[in-house]
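In what follows, a single structure is set out as structure tokens and then discussed.
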Amino acid sequence: MAGFRSLARQVRDPRCDLALRRYSLRKCLERFAPYGHRATWDHLCARAGFHPEDRSVDPARLVAALDELEEARAVWLGYEAEFAERRRKEKHGGLRRPGSVDDWHRLTWGGFGVAWCDDPGVHPREPLAEVLRRLIAALEREPGTACPVCRGERLRWRYGLDHEPSAGPVCADCGILVPRPVLTAGALADARRSRVLVSA
């Protein structure tokens, strides 16, 4: 099974046929997809300027989409390295019980669904790396009352999400499942009061 870097090389390789290059970009999303596979694909297509179903994409657009994905992956891998080092030091210091950020992080290890978007057509418009930087910054400060990505305050509790956790606060503006540790208890309670059922 090919890893992210070897798939990325195939996307960039002009000797590979276009179908393989497109397929390899899609396969990269099995290794790293911050919004989930479908929403991340939709985001990359929109940002690079090609239709998600386009089978004859300009190779330069495929590479532009890959560049954005790689930049975001570098941001996330840097965060994961710092996170692992912090946990190592905490364990060495006798702190064995992880906190709420650690519980959330365990569910997103590797970067899949870090900023989950249950509706593939509703996701942040900013570059992926910027979205992840905002999310990481929120995880490293005191909890707030708004979405850490778009600063939207219309948080709705949704059930039946195609993700773990399967319920949580979703930003009505940018569509991400907001990590619970970045929100105050009051913001979480407000979101629960405005819950939305997601049909299967």
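If you're wondering about the labels, chains in the structure tokens are A, B, ... by order shown, residues count from 1 in each chain, ligands from 1 in order shown.
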Exercise for review: Write out as a PyMOL selection string the residues lying within 12 Å of A:Ser24, counting only C-alpha atoms and excluding same-chain residues fewer than 2 positions away.
Suggested key: chain A and resi 1-13+16-22+26-31+62-63+65-66
Practice item. Using only C-alpha atoms, determine which residues lie at most 10 Å from A:Glu142, disregarding the query and same-chain residues fewer than 3 positions distant; provide the list as a list in words. Key: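 Those residues are Ala137, Ala138, Leu139, Pro181, Val182, Leu183 and Thr184 of chain A.
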Point to revise | Pick from A:Pro120, A:Gly93, A:Trp157, A:Arg106, whichever lies nearest to A:Pro52 using only C-alpha atoms | key: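 When distances to A:Pro52 are compared using only C-alpha atoms, the smallest one comes from A:Pro120.
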Check your understanding: Pick from A:Arg47, A:Arg180, A:Arg192, A:His123: nearest to A:Tyr35, with only C-alpha atoms counted?
Key ->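 Looking at the shortest contact to A:Tyr35, the residue is A:His123.
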Exercise for review: Considering only C-alpha atoms, state which residue in the set A:Pro169, A:Gly113, A:Gly78, A:Pro14 is at the smallest distance from A:Gly152.
Suggested key: A:Pro169
Check your understanding: Do you know which residues are at most 10 Å from A:Trp104 counting only C-alpha atoms, after dropping those on the same chain fewer than 5 positions away, and could you put them as a list in words?
Key ->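 Selected residues are Gly99, Trp109, Val114, Glu164, Pro165, Pro179, Arg180 and Pro181 of chain A.
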Practice item. Extract, using only C-alpha atoms, all DNA, RNA and protein residues at most 10 Å from A:Leu69, discarding same-chain residues fewer than 4 positions from it, and format them as a VMD selection string. Key: chain A and resid 8 25 28 to 29 32 to 34 40 to 41 44 63 to 65 73 to 74 127 to 129
Exercise for review: Take atom CA of A:Ala39 and atom CA of A:Ala191 and report the distance between them in Å, one decimal.
Suggested key: 22.7 Å
Point to revise | Between atom CA of A:Asp118 and atom CA of A:Arg156, distance in Å (one decimal) | key: 12.8 Å
Practice item. Could you give me, as a ChimeraX atom specification, each residue of chain A that DSSP assigns to strand (DSSP E or B) when run on this structure's backbone? Key: /A:117,144,155-159,168-171,176-177,183,196-197
Exercise for review: Have a look at A:Gly49, A:Gly111, A:Gly36, A:Pro124 and name the one nearest to A:Cys171; count only C-alpha atoms.
Suggested key: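 The answer is A:Pro124, which sits nearest to A:Cys171.
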Check your understanding: Please, what distance in Å, to one decimal, runs between atom CA of A:Ile136 and atom CA of A:Tyr79?
Key ->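 Rounded to one decimal, the two atoms are 7.4 Å apart.
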